[in-house]
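Please read the structure below before turning to the comments.
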Amino acid sequence: VPPEIVFVRHAETIANATGRYNGKTINTFSEKGKGQISALTPKLLNAGKFDVILVSPSERALRTVAPYLERSSQRAIVWPCW
């Protein structure tokens with residue numbers, strides 16, 4: 001059986017929604033983004049246990065996956081950008 005890879009992008013931030021990028025908007029989720037996280041968590045839980053979870057060190061990526069990690073008791077490896 002070939003390995004399965006699941007990619008998840010961070011939830012929508014205010015910066016994504018407005019096109020205005022600054023220190024506050026880049027990591028603050030929009031209402032849509034909050035809904036995306038709420039919808040993502042059960043989908044990942046229903047997917048079963050992952051062998052490895054890699055996550056970007058960006059705050060928005062970490063905060064997107066945090067509810068899943070909490071509920072599943074799994075850990076993620078923070079993968080450096082460089």
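Please note that chains go A, B, ... in the order of the structure tokens, that every chain numbers its residues from 1, and that ligands are numbered from 1 in the order shown.
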
Enumerate, in order of chain and increasing residue number, the residues of segment 8-41 of chain A with an atom no farther than 12 Å from segment 53-56 of chain A, each with its shortest atom pair and distance in Å to one decimal, counting only C-alpha atoms, as a tab-separated table.
```
residue	atom	partner	partner_atom	distance
A:Val8	CA	A:Val55	CA	9.2
A:Arg9	CA	A:Val55	CA	9.8
A:His10	CA	A:Ser56	CA	9.3
```

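Within the 10 Å cut-off around Arg71 of chain A, using only C-alpha atoms and omitting residues fewer than 3 positions from it on the same chain, the listed residues are Thr41, Pro42, Leu45, Ala66, Pro67, Tyr68 and Gln74 of chain A.
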
Selection export as a PDB file, in the first residue's frame, atoms kept: N, CA and C atoms:
```pdb
ATOM      1  N   THR A  41     -10.742  20.038  12.397  1.00  0.00           N
ATOM      2  CA  THR A  41     -10.424  19.157  13.519  1.00  0.00           C
ATOM      3  C   THR A  41     -11.165  17.818  13.439  1.00  0.00           C
ATOM      4  N   PRO A  42     -12.492  17.797  13.285  1.00  0.00           N
ATOM      5  CA  PRO A  42     -13.160  16.490  13.194  1.00  0.00           C
ATOM      6  C   PRO A  42     -12.779  15.709  11.938  1.00  0.00           C
ATOM      7  N   LEU A  45      -9.598  14.034  12.820  1.00  0.00           N
ATOM      8  CA  LEU A  45      -9.867  12.973  13.798  1.00  0.00           C
ATOM      9  C   LEU A  45     -10.468  11.746  13.123  1.00  0.00           C
ATOM     10  N   ALA A  66      -3.421  22.986  16.298  1.00  0.00           N
ATOM     11  CA  ALA A  66      -3.432  22.776  17.752  1.00  0.00           C
ATOM     12  C   ALA A  66      -4.689  22.074  18.270  1.00  0.00           C
ATOM     13  N   PRO A  67      -5.903  22.456  17.854  1.00  0.00           N
ATOM     14  CA  PRO A  67      -7.078  21.751  18.376  1.00  0.00           C
ATOM     15  C   PRO A  67      -7.083  20.253  18.035  1.00  0.00           C
ATOM     16  N   TYR A  68      -6.622  19.930  16.839  1.00  0.00           N
ATOM     17  CA  TYR A  68      -6.541  18.514  16.465  1.00  0.00           C
ATOM     18  C   TYR A  68      -5.534  17.790  17.352  1.00  0.00           C
ATOM     19  N   GLN A  74      -1.938  13.540  19.844  1.00  0.00           N
ATOM     20  CA  GLN A  74      -0.765  13.316  19.003  1.00  0.00           C
ATOM     21  C   GLN A  74       0.179  14.506  19.120  1.00  0.00           C
TER      22      GLN A  74
END
```

Requested in this report: Measure the distance from atom CA of Lys32 of chain A to atom CA of Ile14 of chain A in Å and round it to one decimal.
Outcome: 9.3 Å

Query raised in the report: Which residues, written as a PyMOL selection string, have at least one atom at most 12 Å from Phe50 of chain A, with only C-alpha atoms counted and residues fewer than 5 positions away on the same chain left out?
Result: chain A and resi 3-7+44-45+68-69+72-76

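Within chain A, the backbone-based DSSP assignment of strand (DSSP E or B) covers A:Thr13, A:Phe29, A:Leu54, A:Val55, A:Ile77, A:Val78.
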
For the residues in the current selection, export all heavy atoms as a compact mmCIF listing (two decimals), in the first residue's frame.
```txt
# COMPACT_ATOMS: atom_id res chain seq x y z
N THR A 13 -6.46 33.90 7.51
CA THR A 13 -6.19 35.00 8.44
C THR A 13 -6.81 36.27 7.90
O THR A 13 -7.24 36.34 6.73
CB THR A 13 -4.67 35.22 8.61
OG1 THR A 13 -4.12 35.61 7.34
CG2 THR A 13 -3.96 33.97 9.12
N PHE A 29 -6.92 35.03 12.92
CA PHE A 29 -7.85 34.35 12.02
C PHE A 29 -9.10 35.18 11.78
O PHE A 29 -9.63 35.82 12.69
CB PHE A 29 -8.25 32.98 12.59
CG PHE A 29 -7.10 32.01 12.67
CD1 PHE A 29 -6.67 31.51 13.86
CD2 PHE A 29 -6.44 31.62 11.51
CE1 PHE A 29 -5.60 30.63 13.93
CE2 PHE A 29 -5.37 30.75 11.55
CZ PHE A 29 -4.95 30.25 12.77
N LEU A 54 4.01 16.87 10.48
CA LEU A 54 4.98 17.95 10.36
C LEU A 54 4.20 19.25 10.25
O LEU A 54 3.20 19.32 9.53
CB LEU A 54 5.85 17.77 9.11
CG LEU A 54 6.63 16.47 8.99
CD1 LEU A 54 7.32 16.38 7.65
CD2 LEU A 54 7.62 16.35 10.12
N VAL A 55 4.67 20.27 10.94
CA VAL A 55 3.98 21.55 10.90
C VAL A 55 5.00 22.68 10.80
O VAL A 55 6.08 22.61 11.37
CB VAL A 55 3.04 21.73 12.13
CG1 VAL A 55 3.81 21.74 13.42
CG2 VAL A 55 2.18 22.97 12.00
N ILE A 77 5.87 17.46 14.76
CA ILE A 77 7.26 17.91 14.64
C ILE A 77 7.21 19.27 13.94
O ILE A 77 6.64 19.38 12.86
CB ILE A 77 8.10 16.92 13.82
CG1 ILE A 77 8.13 15.56 14.50
CG2 ILE A 77 9.52 17.47 13.60
CD1 ILE A 77 8.69 14.44 13.62
N VAL A 78 7.80 20.27 14.58
CA VAL A 78 7.86 21.59 13.96
C VAL A 78 9.03 21.55 12.97
O VAL A 78 10.17 21.36 13.36
CB VAL A 78 8.03 22.71 15.00
CG1 VAL A 78 8.15 24.06 14.33
CG2 VAL A 78 6.86 22.70 15.97
```

Report task. Pick out the closest residue to Ser58 of chain A from this set: A:Pro2, A:Glu31, A:Arg20, A:Trp79. Count only C-alpha atoms. Result -> A:Trp79

Requested in this report: May I ask which of the residues A:Glu12, A:Glu70, A:Pro80, A:Asn22 is the closest one to Ile37 of chain A, counting only C-alpha atoms?
Outcome: A:Glu12

Query - Contacts of Ala15 of chain A within 7 Å, only C-alpha atoms, excl. fewer than 3 positions in-chain, as a ChimeraX atom specification - result: /A:18-21,25-26

Query raised in the report: Looking at only C-alpha atoms, which of A:Leu40, A:Ala11, A:Ala17, A:Cys81 is the one that sits closest to Arg63 of chain A?
Result: A:Ala11

Query raised in the report: Expressed in Å to a single decimal, how great is the separation between atom CA of Asn27 of chain A and atom CA of Lys49 of chain A?
Result: 27.5 Å

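Separating atom CA of Asp51 of chain A from atom CA of Val65 of chain A is a distance of 15.4 Å.
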